[in-house]
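*Asks:* For reference, this is my_file-v6.cif, and it has mmCIF, C-alpha atoms.
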data_work
#
loop_
_atom_site.group_PDB
_atom_site.id
_atom_site.type_symbol
_atom_site.label_atom_id
_atom_site.label_comp_id
_atom_site.auth_asym_id
_atom_site.auth_seq_id
_atom_site.Cartn_x
_atom_site.Cartn_y
_atom_site.Cartn_z
ATOM 1 C CA MET A 1 -12.442 5.540 6.002
ATOM 2 C CA LEU A 2 -12.381 2.598 3.562
ATOM 3 C CA LYS A 3 -15.119 0.000 3.396
ATOM 4 C CA PHE A 4 -15.558 -3.241 1.465
ATOM 5 C CA GLU A 5 -19.118 -4.405 0.894
ATOM 6 C CA GLY A 6 -19.594 -7.937 -0.399
ATOM 7 C CA LEU A 7 -16.606 -7.907 -2.732
ATOM 8 C CA HIS A 8 -15.987 -10.713 -5.195
ATOM 9 C CA ILE A 9 -12.329 -10.397 -6.184
ATOM 10 C CA GLY A 10 -10.880 -12.144 -9.213
ATOM 11 C CA PHE A 11 -10.998 -11.926 -12.967
ATOM 12 C CA LYS A 12 -14.150 -10.565 -14.547
ATOM 13 C CA GLY A 13 -15.369 -12.585 -17.514
ATOM 14 C CA GLY A 14 -17.039 -11.614 -20.741
ATOM 15 C CA LYS A 15 -19.608 -13.032 -23.122
ATOM 16 C CA ARG A 16 -17.689 -16.245 -23.773
ATOM 17 C CA LYS A 17 -15.592 -16.482 -20.624
ATOM 18 C CA PRO A 18 -17.057 -16.786 -17.118
ATOM 19 C CA SER A 19 -15.673 -14.761 -14.237
ATOM 20 C CA ARG A 20 -13.146 -16.503 -11.974
ATOM 21 C CA VAL A 21 -13.606 -15.598 -8.310
ATOM 22 C CA LEU A 22 -10.466 -15.864 -6.180
ATOM 23 C CA PHE A 23 -12.204 -14.903 -2.939
ATOM 24 C CA THR A 24 -15.069 -12.935 -1.442
ATOM 25 C CA THR A 25 -15.210 -10.574 1.534
ATOM 26 C CA GLU A 26 -17.690 -9.845 4.268
ATOM 27 C CA ASP A 27 -18.369 -6.164 4.945
ATOM 28 C CA LEU A 28 -15.077 -4.790 6.274
ATOM 29 C CA SER A 29 -14.196 -1.278 7.452
ATOM 30 C CA PHE A 30 -10.690 0.162 7.819
ATOM 31 C CA GLN A 31 -9.873 3.297 9.793
ATOM 32 C CA PRO A 32 -7.139 5.983 9.793
ATOM 33 C CA GLY A 33 -4.126 4.628 11.674
ATOM 34 C CA ASP A 34 -4.743 1.003 10.717
ATOM 35 C CA PHE A 35 -1.622 -0.824 9.563
ATOM 36 C CA VAL A 36 -2.985 -3.792 7.646
ATOM 37 C CA ALA A 37 -1.077 -6.796 6.306
ATOM 38 C CA VAL A 38 -2.614 -8.783 3.468
ATOM 39 C CA ILE A 39 -1.344 -12.354 3.606
ATOM 40 C CA GLY A 40 -2.079 -15.600 1.821
ATOM 41 C CA PRO A 41 -0.496 -18.357 -0.275
ATOM 42 C CA ASN A 42 1.155 -17.541 -3.583
ATOM 43 C CA GLY A 43 -1.468 -17.007 -6.263
ATOM 44 C CA SER A 44 -4.274 -16.512 -3.748
ATOM 45 C CA GLY A 45 -5.059 -12.975 -4.915
ATOM 46 C CA LYS A 46 -3.088 -10.446 -2.869
ATOM 47 C CA THR A 47 -1.952 -8.496 -5.922
ATOM 48 C CA THR A 48 -5.395 -8.858 -7.489
ATOM 49 C CA LEU A 49 -6.960 -7.306 -4.387
ATOM 50 C CA PHE A 50 -4.591 -4.343 -4.575
ATOM 51 C CA ASN A 51 -5.194 -3.926 -8.298
ATOM 52 C CA SER A 52 -8.935 -3.950 -7.636
ATOM 53 C CA ILE A 53 -8.645 -1.296 -4.911
ATOM 54 C CA LEU A 54 -6.405 0.779 -7.191
ATOM 55 C CA SER A 55 -8.983 0.491 -10.009
ATOM 56 C CA GLU A 56 -6.401 -1.221 -12.210
ATOM 57 C CA GLN A 57 -8.658 -4.261 -12.391
ATOM 58 C CA LYS A 58 -12.445 -4.567 -12.364
ATOM 59 C CA ILE A 59 -14.208 -5.937 -9.310
ATOM 60 C CA ILE A 60 -16.482 -8.847 -10.208
ATOM 61 C CA SER A 61 -19.163 -7.607 -7.835
ATOM 62 C CA GLY A 62 -19.574 -5.650 -4.613
ATOM 63 C CA GLU A 63 -18.598 -2.102 -3.687
ATOM 64 C CA ILE A 64 -15.723 -0.122 -2.195
ATOM 65 C CA TYR A 65 -16.435 3.124 -0.336
ATOM 66 C CA HIS A 66 -14.064 5.879 0.735
ATOM 67 C CA LYS A 67 -15.569 8.101 3.422
ATOM 68 C CA ASN A 68 -19.023 6.816 2.420
ATOM 69 C CA VAL A 69 -18.469 7.792 -1.230
ATOM 70 C CA ASN A 70 -18.620 4.999 -3.805
ATOM 71 C CA TRP A 71 -15.098 4.485 -5.150
ATOM 72 C CA ASN A 72 -16.396 4.078 -8.701
ATOM 73 C CA SER A 73 -17.848 7.591 -8.615
ATOM 74 C CA ILE A 74 -14.467 9.190 -7.867
ATOM 75 C CA THR A 75 -12.435 10.347 -10.877
ATOM 76 C CA ARG A 76 -8.959 8.970 -11.550
ATOM 77 C CA GLU A 77 -7.555 12.487 -10.990
ATOM 78 C CA ASP A 78 -9.072 12.564 -7.510
ATOM 79 C CA LYS A 79 -8.193 8.958 -6.663
ATOM 80 C CA VAL A 80 -4.468 9.720 -6.820
ATOM 81 C CA LYS A 81 -5.062 12.350 -4.133
ATOM 82 C CA VAL A 82 -6.687 9.699 -1.942
ATOM 83 C CA MET A 83 -4.526 6.637 -2.509
ATOM 84 C CA SER A 84 -0.796 6.169 -3.221
ATOM 85 C CA PHE A 85 1.015 3.018 -4.294
ATOM 86 C CA VAL A 86 4.556 1.743 -3.725
ATOM 87 C CA PRO A 87 5.700 -1.192 -5.891
ATOM 88 C CA SER A 88 7.841 -3.981 -4.488
ATOM 89 C CA LYS A 89 10.947 -2.994 -6.438
ATOM 90 C CA PHE A 90 12.403 0.260 -7.763
ATOM 91 C CA ASN A 91 15.861 -0.016 -9.310
ATOM 92 C CA GLY A 92 16.571 3.691 -9.570
ATOM 93 C CA VAL A 93 16.789 5.965 -12.592
ATOM 94 C CA ASP A 94 19.906 7.614 -13.955
ATOM 95 C CA HIS A 95 20.096 11.365 -13.214
ATOM 96 C CA LEU A 96 17.205 11.106 -10.706
ATOM 97 C CA ASN A 97 18.191 12.080 -7.179
ATOM 98 C CA VAL A 98 16.281 11.439 -3.958
ATOM 99 C CA TYR A 99 14.833 14.954 -3.734
ATOM 100 C CA ASP A 100 13.430 14.798 -7.256
ATOM 101 C CA LEU A 101 12.078 11.265 -6.694
ATOM 102 C CA ILE A 102 10.157 12.378 -3.618
ATOM 103 C CA ALA A 103 9.006 15.526 -5.429
ATOM 104 C CA MET A 104 7.386 13.297 -8.060
ATOM 105 C CA GLY A 105 4.792 12.526 -5.414
ATOM 106 C CA ARG A 106 3.498 16.083 -5.844
ATOM 107 C CA ALA A 107 2.503 15.422 -9.484
ATOM 108 C CA PRO A 108 -1.264 15.267 -8.741
ATOM 109 C CA TYR A 109 -1.118 18.849 -7.443
ATOM 110 C CA THR A 110 1.167 20.531 -9.998
ATOM 111 C CA ASN A 111 0.325 22.301 -13.244
ATOM 112 C CA MET A 112 0.775 20.904 -16.755
ATOM 113 C CA LEU A 113 4.484 21.756 -16.632
ATOM 114 C CA ASN A 114 4.895 19.928 -13.293
ATOM 115 C CA GLN A 115 6.231 23.086 -11.692
ATOM 116 C CA LEU A 116 6.549 22.861 -7.920
ATOM 117 C CA THR A 117 5.178 25.668 -5.775
ATOM 118 C CA GLU A 118 6.576 26.785 -2.432
ATOM 119 C CA LYS A 119 3.983 24.562 -0.769
ATOM 120 C CA ASP A 120 5.129 21.571 -2.823
ATOM 121 C CA HIS A 121 8.760 22.127 -1.843
ATOM 122 C CA ALA A 122 7.708 22.513 1.798
ATOM 123 C CA VAL A 123 5.905 19.155 1.671
ATOM 124 C CA VAL A 124 8.949 17.456 0.111
ATOM 125 C CA LYS A 125 11.280 18.916 2.738
ATOM 126 C CA ARG A 126 8.933 17.851 5.536
ATOM 127 C CA VAL A 127 8.863 14.275 4.220
ATOM 128 C CA ILE A 128 12.645 14.199 3.866
ATOM 129 C CA SER A 129 12.997 15.348 7.467
ATOM 130 C CA GLN A 130 10.380 12.874 8.733
ATOM 131 C CA LEU A 131 12.171 9.959 7.066
ATOM 132 C CA GLY A 132 15.669 11.086 8.030
ATOM 133 C CA LEU A 133 16.792 11.373 4.400
ATOM 134 C CA ASP A 134 18.506 14.765 4.709
ATOM 135 C CA SER A 135 21.953 13.371 3.877
ATOM 136 C CA PHE A 136 20.616 11.590 0.771
ATOM 137 C CA VAL A 137 18.715 14.364 -1.011
ATOM 138 C CA SER A 138 21.319 14.835 -3.751
ATOM 139 C CA LYS A 139 22.248 11.176 -4.090
ATOM 140 C CA ASN A 140 21.516 9.448 -7.393
ATOM 141 C CA THR A 141 18.792 6.817 -6.944
ATOM 142 C CA LEU A 142 20.980 4.288 -8.779
ATOM 143 C CA LEU A 143 23.570 4.590 -6.015
ATOM 144 C CA LEU A 144 21.221 3.937 -3.106
ATOM 145 C CA SER A 145 21.122 0.668 -1.214
ATOM 146 C CA ASP A 146 17.922 -1.381 -1.500
ATOM 147 C CA GLY A 147 16.834 -0.196 1.946
ATOM 148 C CA GLU A 148 17.541 3.469 1.201
ATOM 149 C CA ARG A 149 15.725 3.218 -2.120
ATOM 150 C CA GLN A 150 12.651 1.681 -0.534
ATOM 151 C CA VAL A 151 12.486 4.421 2.105
ATOM 152 C CA ALA A 152 12.806 7.025 -0.659
ATOM 153 C CA MET A 153 9.911 5.406 -2.523
ATOM 154 C CA ILE A 154 7.844 5.560 0.661
ATOM 155 C CA GLY A 155 8.792 9.238 0.784
ATOM 156 C CA LYS A 156 7.415 9.739 -2.721
ATOM 157 C CA ALA A 157 4.117 8.194 -1.598
ATOM 158 C CA LEU A 158 4.093 10.343 1.552
ATOM 159 C CA ALA A 159 4.603 13.497 -0.509
ATOM 160 C CA GLN A 160 1.439 12.560 -2.383
ATOM 161 C CA GLU A 161 -0.440 13.340 0.866
ATOM 162 C CA THR A 162 -3.051 10.615 0.527
ATOM 163 C CA ASP A 163 -5.374 9.086 3.102
ATOM 164 C CA ILE A 164 -4.374 5.576 2.052
ATOM 165 C CA MET A 165 -1.025 4.029 1.165
ATOM 166 C CA ILE A 166 -0.698 0.614 -0.491
ATOM 167 C CA LEU A 167 2.639 -1.191 -0.668
ATOM 168 C CA ASP A 168 3.198 -4.400 -2.612
ATOM 169 C CA GLU A 169 5.747 -6.604 -0.784
ATOM 170 C CA PRO A 170 7.717 -3.608 0.555
ATOM 171 C CA THR A 171 10.296 -5.820 2.297
ATOM 172 C CA ALA A 172 10.703 -8.493 -0.394
ATOM 173 C CA PHE A 173 14.228 -7.497 -1.461
ATOM 174 C CA LEU A 174 15.557 -6.297 1.891
ATOM 175 C CA ASP A 175 17.745 -7.932 4.504
ATOM 176 C CA TYR A 176 16.352 -8.632 7.973
ATOM 177 C CA ASN A 177 17.426 -5.354 9.586
ATOM 178 C CA ASN A 178 16.038 -3.260 6.738
ATOM 179 C CA ARG A 179 12.776 -5.238 6.778
ATOM 180 C CA ARG A 180 12.317 -4.307 10.419
ATOM 181 C CA LYS A 181 13.294 -0.695 9.737
ATOM 182 C CA VAL A 182 10.760 -0.327 6.921
ATOM 183 C CA LEU A 183 7.920 -1.940 8.878
ATOM 184 C CA GLN A 184 8.653 0.214 11.923
ATOM 185 C CA LEU A 185 8.616 3.264 9.657
ATOM 186 C CA LEU A 186 5.270 2.267 8.135
ATOM 187 C CA LYS A 187 3.808 1.648 11.578
ATOM 188 C CA GLU A 188 4.860 5.152 12.648
ATOM 189 C CA ILE A 189 3.431 6.647 9.461
ATOM 190 C CA ALA A 190 0.086 4.959 10.049
ATOM 191 C CA THR A 191 -0.051 6.055 13.680
ATOM 192 C CA LYS A 192 1.422 9.577 13.555
ATOM 193 C CA ASN A 193 0.007 10.609 10.172
ATOM 194 C CA GLU A 194 -3.300 8.803 10.761
ATOM 195 C CA GLN A 195 -2.993 7.169 7.375
ATOM 196 C CA LEU A 196 -4.443 3.806 6.427
ATOM 197 C CA VAL A 197 -1.521 1.634 5.322
ATOM 198 C CA PHE A 198 -1.860 -1.701 3.497
ATOM 199 C CA ILE A 199 1.036 -4.033 2.764
ATOM 200 C CA SER A 200 1.164 -7.469 1.163
ATOM 201 C CA SER A 201 3.755 -9.735 2.676
ATOM 202 C CA HIS A 202 5.038 -13.284 3.205
ATOM 203 C CA ASP A 203 6.908 -12.092 6.319
ATOM 204 C CA LEU A 204 4.307 -13.402 8.750
ATOM 205 C CA GLU A 205 6.227 -13.014 11.993
ATOM 206 C CA LEU A 206 7.055 -9.363 11.276
ATOM 207 C CA CYS A 207 3.462 -8.666 10.188
ATOM 208 C CA PHE A 208 2.207 -10.070 13.485
ATOM 209 C CA GLU A 209 4.728 -7.890 15.331
ATOM 210 C CA TYR A 210 4.157 -4.561 13.587
ATOM 211 C CA CYS A 211 0.632 -4.572 12.114
ATOM 212 C CA ASN A 212 -2.547 -4.061 14.114
ATOM 213 C CA ARG A 213 -4.678 -5.930 11.554
ATOM 214 C CA VAL A 214 -4.151 -8.873 9.262
ATOM 215 C CA VAL A 215 -6.521 -9.772 6.445
ATOM 216 C CA ALA A 216 -5.802 -13.255 5.190
ATOM 217 C CA ILE A 217 -6.931 -14.967 2.020
ATOM 218 C CA ASP A 218 -8.289 -18.432 2.773
ATOM 219 C CA SER A 219 -7.895 -19.802 -0.761
ATOM 220 C CA LYS A 220 -9.490 -23.158 0.141
ATOM 221 C CA ASN A 221 -12.789 -21.555 1.146
ATOM 222 C CA LYS A 222 -12.260 -18.510 -1.096
ATOM 223 C CA ILE A 223 -12.893 -15.910 1.582
ATOM 224 C CA LEU A 224 -10.974 -13.000 3.101
ATOM 225 C CA LEU A 225 -10.561 -13.400 6.867
ATOM 226 C CA ASP A 226 -10.050 -10.464 9.226
ATOM 227 C CA PHE A 227 -7.856 -10.649 12.342
ATOM 228 C CA THR A 228 -6.973 -7.908 14.827
ATOM 229 C CA ALA A 229 -4.076 -7.649 17.278
ATOM 230 C CA PRO A 230 -3.154 -9.353 19.521
ATOM 231 C CA PHE A 231 -2.986 -12.227 17.052
ATOM 232 C CA ASP A 232 -3.274 -15.939 17.682
ATOM 233 C CA LYS A 233 -0.502 -16.817 15.248
ATOM 234 C CA GLU A 234 -1.235 -20.535 15.161
ATOM 235 C CA GLU A 235 -4.919 -19.882 14.441
ATOM 236 C CA VAL A 236 -4.166 -17.545 11.562
ATOM 237 C CA ILE A 237 -1.617 -19.915 9.992
ATOM 238 C CA LYS A 238 -3.912 -22.934 10.441
ATOM 239 C CA LYS A 239 -6.816 -21.188 8.699
ATOM 240 C CA VAL A 240 -4.820 -19.778 5.820
ATOM 241 C CA PHE A 241 -1.881 -22.055 5.012
#
Could you render the structure as structure tokens?
*Replies:*
Amino acid sequence: MLKFEGLHIGFKGGKRKPSRVLFTTEDLSFQPGDFVAVIGPNGSGKTTLFNSILSEQKIISGEIYHKNVNWNSITREDKVKVMSFVPSKFNGVDHLNVYDLIAMGRAPYTNMLNQLTEKDHAVVKRVISQLGLDSFVSKNTLLLSDGERQVAMIGKALAQETDIMILDEPTAFLDYNNRRKVLQLLKEIATKNEQLVFISSHDLELCFEYCNRVVAIDSKNKILLDFTAPFDKEEVIKKVF
């Protein structure tokens, strides 16, 4: 579904400033149903990798393909129908309830007035049911707990109906029980919806438990390493940290 070919990830230079490569990748392919953790030391390039995949930052060199189509040839309007993004923190917005937050995920499919069709409402209701948010639909997002808010944000991404979901540190501000709940939810989404799910995380033990793949940034050798479950935890940690 998604393929990296010889990527050089980092900060692209200009006439007077050389490019700064954080790491390179071998050719890597990711399939529907993969739940992939991106790990590495602070500053190694996890966010930069996500920004590069999301086309928020230029790739120094190499190519990304989605279903054998070069990612650069896909318009921004179409990319948001392929890939959704969940930031690490959402604090809520006054007068925005859970239903309307999730419905925002339908924006790529609505008209200029953002009017929801019957199909859009059906998608939102299906997501709410899938995530068990029925009792929260009218609740103001400011009044949600951190765990509830993060699940609602995942719901917004689900309503976007993309092949790929990227989440930046989705458990960073959650307690232990909610971290497990969110990762279990993402694992089920990847498996049942056959979506490709990427997360960045420092929660290594939980990544090893819930994810079926780990890609790790070896900042010393400036390369992205690929590991598949079952993981040799000591090997991964030794090579990366």
*Asks:* Could you state the separation of CA of Phe50 (chain A) and CA of Arg149 (chain A) in Å, given to one decimal place?
*Replies:*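 A separation of 21.8 Å between them.
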*Asks:* Grab the CA of His121 (chain A) to CA of Gln31 (chain A) distance for me, in Å with one decimal place.
*Replies:* 28.9 Å
*Asks:* Just to confirm, what's the straight-line distance from CA of Arg106 (chain A) to CA of Ser129 (chain A) in Å (one decimal)?
*Replies:*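 Taking CA of Arg106 (chain A) and CA of Ser129 (chain A), their separation equals 16.4 Å.
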*Asks:* Might you pull out every residue within 12 Å of Leu133 (chain A), with all atoms listed in the file counted and same-chain residues fewer than 6 positions away left off, and present them as a list in words?
*Replies:* Asn97, Val98, Tyr99, Ile102, Val124, Lys125, Arg126, Val127, Lys139, Leu144, Gly147, Glu148, Arg149, Gln150, Val151, Ala152, Met153, Ile154, Gly155 and Lys156 of chain A
*Asks:* Would you mind listing, for every residue of region 25-136 of chain A within 9 Å of region 209-216 of chain A, the two atoms forming the shortest contact and the distance between them in Å to one decimal, using all atoms listed in the file, sorted by chain and ascending residue number, as CSV?
*Replies:*
residue,atom,partner,partner_atom,distance
A:Asp34,CA,A:Asn212,CA,6.5
A:Phe35,CA,A:Cys211,CA,5.1
A:Val36,CA,A:Arg213,CA,4.8
A:Ala37,CA,A:Val214,CA,4.7
A:Val38,CA,A:Val215,CA,5.0
A:Ile39,CA,A:Ala216,CA,4.8
A:Gly40,CA,A:Ala216,CA,5.5
A:Lys46,CA,A:Ala216,CA,9.0
*Asks:* Please produce an output containing C-alpha atoms for each residue in the selection, written as a short mmCIF file (atom, residue, chain, number, x, y, z; two decimals), keeping the file's coordinate frame.
*Replies:*
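Wrote part_2.cif, looks like this:
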data_model
loop_
_atom_site.label_atom_id
_atom_site.label_comp_id
_atom_site.auth_asym_id
_atom_site.auth_seq_id
_atom_site.Cartn_x
_atom_site.Cartn_y
_atom_site.Cartn_z
CA ASP A 34 -4.74 1.00 10.72
CA PHE A 35 -1.62 -0.82 9.56
CA VAL A 36 -2.98 -3.79 7.65
CA ALA A 37 -1.08 -6.80 6.31
CA VAL A 38 -2.61 -8.78 3.47
CA ILE A 39 -1.34 -12.35 3.61
CA GLY A 40 -2.08 -15.60 1.82
CA LYS A 46 -3.09 -10.45 -2.87
#
*Asks:* So that I can check the surroundings of region 183-190 of chain A, please list as a PyMOL selection string every protein, DNA and RNA residue that reaches within 10 Å of it, counting all atoms listed in the file and ignoring chain neighbours fewer than 4 positions away.
*Replies:* chain A and resi 32-36+130-131+151+154+158+163-165+167+170-171+178-179+194-199+206-207+209-212
*Asks:* Box in all listed atoms of region 229-235 of chain A, axis-aligned, with 5 Å more on each side; write out centre and edge lengths in Å to one decimal as lines of an AutoDock Vina configuration file.
*Replies:*
center_x = -2.7
center_y = -14.1
center_z = 17.0
size_x = 14.4
size_y = 22.9
size_z = 15.1
*Asks:* Every residue with an atom at most 10 Å from (-4.7, -22.3, 7.5) (file coordinates; all atoms listed in the file) is what I'm after, so could you write them as a list in words?
*Replies:* Gly40, Pro41, Ala216, Ile217, Asp218, Ser219, Lys220, Glu234, Glu235, Val236, Ile237, Lys238, Lys239, Val240 and Phe241 of chain A
*Asks:* Just say which residues the PyMOL selection byres ((chain A and resi 3) around 6) picks in this file, as a compact mmCIF listing (two decimals) with C-alpha atoms, in the frame of the given file.
*Replies:*
# COMPACT_ATOMS: atom_id res chain seq x y z
CA LEU A 2 -12.38 2.60 3.56
CA PHE A 4 -15.56 -3.24 1.46
CA LEU A 28 -15.08 -4.79 6.27
CA SER A 29 -14.20 -1.28 7.45
CA ILE A 64 -15.72 -0.12 -2.19
CA TYR A 65 -16.43 3.12 -0.34
*Asks:* Calculated over all atoms listed in the file, which of the candidates A:Ile74, A:Ala107, A:Leu116, A:Met83 has the smallest distance to Leu54 (chain A)?
*Replies:*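 The closest residue to Leu54 (chain A) is A:Met83.
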*Asks:* How about completing region 198-220 of chain A with N, CA, C and O atoms and giving it to me as a PDB file, in the coordinates of the input?
*Replies:*
ATOM      1  N   PHE A 198      -1.752  -0.286   3.850  1.00  0.00           N
ATOM      2  CA  PHE A 198      -1.860  -1.701   3.497  1.00  0.00           C
ATOM      3  C   PHE A 198      -0.516  -2.182   2.960  1.00  0.00           C
ATOM      4  O   PHE A 198       0.115  -1.504   2.151  1.00  0.00           O
ATOM      5  N   ILE A 199      -0.108  -3.381   3.385  1.00  0.00           N
ATOM      6  CA  ILE A 199       1.036  -4.033   2.764  1.00  0.00           C
ATOM      7  C   ILE A 199       0.644  -5.470   2.429  1.00  0.00           C
ATOM      8  O   ILE A 199      -0.195  -6.063   3.105  1.00  0.00           O
ATOM      9  N   SER A 200       1.225  -6.024   1.366  1.00  0.00           N
ATOM     10  CA  SER A 200       1.164  -7.469   1.163  1.00  0.00           C
ATOM     11  C   SER A 200       2.509  -8.022   1.590  1.00  0.00           C
ATOM     12  O   SER A 200       3.545  -7.359   1.422  1.00  0.00           O
ATOM     13  N   SER A 201       2.494  -9.216   2.156  1.00  0.00           N
ATOM     14  CA  SER A 201       3.755  -9.735   2.676  1.00  0.00           C
ATOM     15  C   SER A 201       3.684 -11.243   2.913  1.00  0.00           C
ATOM     16  O   SER A 201       2.623 -11.795   3.189  1.00  0.00           O
ATOM     17  N   HIS A 202       4.867 -11.881   2.792  1.00  0.00           N
ATOM     18  CA  HIS A 202       5.038 -13.284   3.205  1.00  0.00           C
ATOM     19  C   HIS A 202       5.769 -13.353   4.546  1.00  0.00           C
ATOM     20  O   HIS A 202       5.995 -14.438   5.072  1.00  0.00           O
ATOM     21  N   ASP A 203       6.143 -12.185   5.080  1.00  0.00           N
ATOM     22  CA  ASP A 203       6.908 -12.092   6.319  1.00  0.00           C
ATOM     23  C   ASP A 203       5.955 -12.142   7.513  1.00  0.00           C
ATOM     24  O   ASP A 203       5.725 -11.130   8.186  1.00  0.00           O
ATOM     25  N   LEU A 204       5.408 -13.312   7.791  1.00  0.00           N
ATOM     26  CA  LEU A 204       4.307 -13.402   8.750  1.00  0.00           C
ATOM     27  C   LEU A 204       4.692 -12.935  10.147  1.00  0.00           C
ATOM     28  O   LEU A 204       3.944 -12.186  10.792  1.00  0.00           O
ATOM     29  N   GLU A 205       5.837 -13.371  10.629  1.00  0.00           N
ATOM     30  CA  GLU A 205       6.227 -13.014  11.993  1.00  0.00           C
ATOM     31  C   GLU A 205       6.337 -11.499  12.159  1.00  0.00           C
ATOM     32  O   GLU A 205       5.895 -10.942  13.172  1.00  0.00           O
ATOM     33  N   LEU A 206       6.916 -10.817  11.177  1.00  0.00           N
ATOM     34  CA  LEU A 206       7.055  -9.363  11.276  1.00  0.00           C
ATOM     35  C   LEU A 206       5.698  -8.672  11.122  1.00  0.00           C
ATOM     36  O   LEU A 206       5.450  -7.646  11.758  1.00  0.00           O
ATOM     37  N   CYS A 207       4.818  -9.228  10.299  1.00  0.00           N
ATOM     38  CA  CYS A 207       3.462  -8.666  10.188  1.00  0.00           C
ATOM     39  C   CYS A 207       2.737  -8.757  11.526  1.00  0.00           C
ATOM     40  O   CYS A 207       2.080  -7.803  11.953  1.00  0.00           O
ATOM     41  N   PHE A 208       2.851  -9.896  12.183  1.00  0.00           N
ATOM     42  CA  PHE A 208       2.207 -10.070  13.485  1.00  0.00           C
ATOM     43  C   PHE A 208       2.786  -9.096  14.513  1.00  0.00           C
ATOM     44  O   PHE A 208       2.089  -8.639  15.413  1.00  0.00           O
ATOM     45  N   GLU A 209       4.064  -8.775  14.367  1.00  0.00           N
ATOM     46  CA  GLU A 209       4.728  -7.890  15.331  1.00  0.00           C
ATOM     47  C   GLU A 209       4.366  -6.421  15.118  1.00  0.00           C
ATOM     48  O   GLU A 209       4.115  -5.691  16.090  1.00  0.00           O
ATOM     49  N   TYR A 210       4.295  -5.992  13.861  1.00  0.00           N
ATOM     50  CA  TYR A 210       4.157  -4.561  13.587  1.00  0.00           C
ATOM     51  C   TYR A 210       2.740  -4.113  13.213  1.00  0.00           C
ATOM     52  O   TYR A 210       2.381  -2.954  13.469  1.00  0.00           O
ATOM     53  N   CYS A 211       1.955  -4.975  12.603  1.00  0.00           N
ATOM     54  CA  CYS A 211       0.632  -4.572  12.114  1.00  0.00           C
ATOM     55  C   CYS A 211      -0.424  -4.732  13.203  1.00  0.00           C
ATOM     56  O   CYS A 211      -0.297  -5.592  14.079  1.00  0.00           O
ATOM     57  N   ASN A 212      -1.455  -3.907  13.142  1.00  0.00           N
ATOM     58  CA  ASN A 212      -2.547  -4.061  14.114  1.00  0.00           C
ATOM     59  C   ASN A 212      -3.713  -4.854  13.529  1.00  0.00           C
ATOM     60  O   ASN A 212      -4.626  -5.247  14.251  1.00  0.00           O
ATOM     61  N   ARG A 213      -3.661  -5.090  12.197  1.00  0.00           N
ATOM     62  CA  ARG A 213      -4.678  -5.930  11.554  1.00  0.00           C
ATOM     63  C   ARG A 213      -4.023  -6.794  10.488  1.00  0.00           C
ATOM     64  O   ARG A 213      -3.059  -6.369   9.843  1.00  0.00           O
ATOM     65  N   VAL A 214      -4.567  -7.973  10.335  1.00  0.00           N
ATOM     66  CA  VAL A 214      -4.151  -8.873   9.262  1.00  0.00           C
ATOM     67  C   VAL A 214      -5.407  -9.348   8.556  1.00  0.00           C
ATOM     68  O   VAL A 214      -6.340  -9.829   9.200  1.00  0.00           O
ATOM     69  N   VAL A 215      -5.452  -9.164   7.233  1.00  0.00           N
ATOM     70  CA  VAL A 215      -6.521  -9.772   6.445  1.00  0.00           C
ATOM     71  C   VAL A 215      -5.875 -10.872   5.623  1.00  0.00           C
ATOM     72  O   VAL A 215      -4.878 -10.652   4.937  1.00  0.00           O
ATOM     73  N   ALA A 216      -6.434 -12.064   5.740  1.00  0.00           N
ATOM     74  CA  ALA A 216      -5.802 -13.255   5.190  1.00  0.00           C
ATOM     75  C   ALA A 216      -6.721 -13.945   4.199  1.00  0.00           C
ATOM     76  O   ALA A 216      -7.912 -14.122   4.458  1.00  0.00           O
ATOM     77  N   ILE A 217      -6.146 -14.310   3.055  1.00  0.00           N
ATOM     78  CA  ILE A 217      -6.931 -14.967   2.020  1.00  0.00           C
ATOM     79  C   ILE A 217      -6.929 -16.469   2.270  1.00  0.00           C
ATOM     80  O   ILE A 217      -5.885 -17.139   2.171  1.00  0.00           O
ATOM     81  N   ASP A 218      -8.090 -16.993   2.624  1.00  0.00           N
ATOM     82  CA  ASP A 218      -8.289 -18.432   2.773  1.00  0.00           C
ATOM     83  C   ASP A 218      -8.671 -18.957   1.389  1.00  0.00           C
ATOM     84  O   ASP A 218      -9.830 -18.906   0.982  1.00  0.00           O
ATOM     85  N   SER A 219      -7.652 -19.419   0.630  1.00  0.00           N
ATOM     86  CA  SER A 219      -7.895 -19.802  -0.761  1.00  0.00           C
ATOM     87  C   SER A 219      -8.705 -21.090  -0.875  1.00  0.00           C
ATOM     88  O   SER A 219      -9.362 -21.327  -1.895  1.00  0.00           O
ATOM     89  N   LYS A 220      -8.706 -21.920   0.174  1.00  0.00           N
ATOM     90  CA  LYS A 220      -9.490 -23.158   0.141  1.00  0.00           C
ATOM     91  C   LYS A 220     -10.979 -22.849   0.155  1.00  0.00           C
ATOM     92  O   LYS A 220     -11.767 -23.420  -0.607  1.00  0.00           O
TER      93      LYS A 220
END
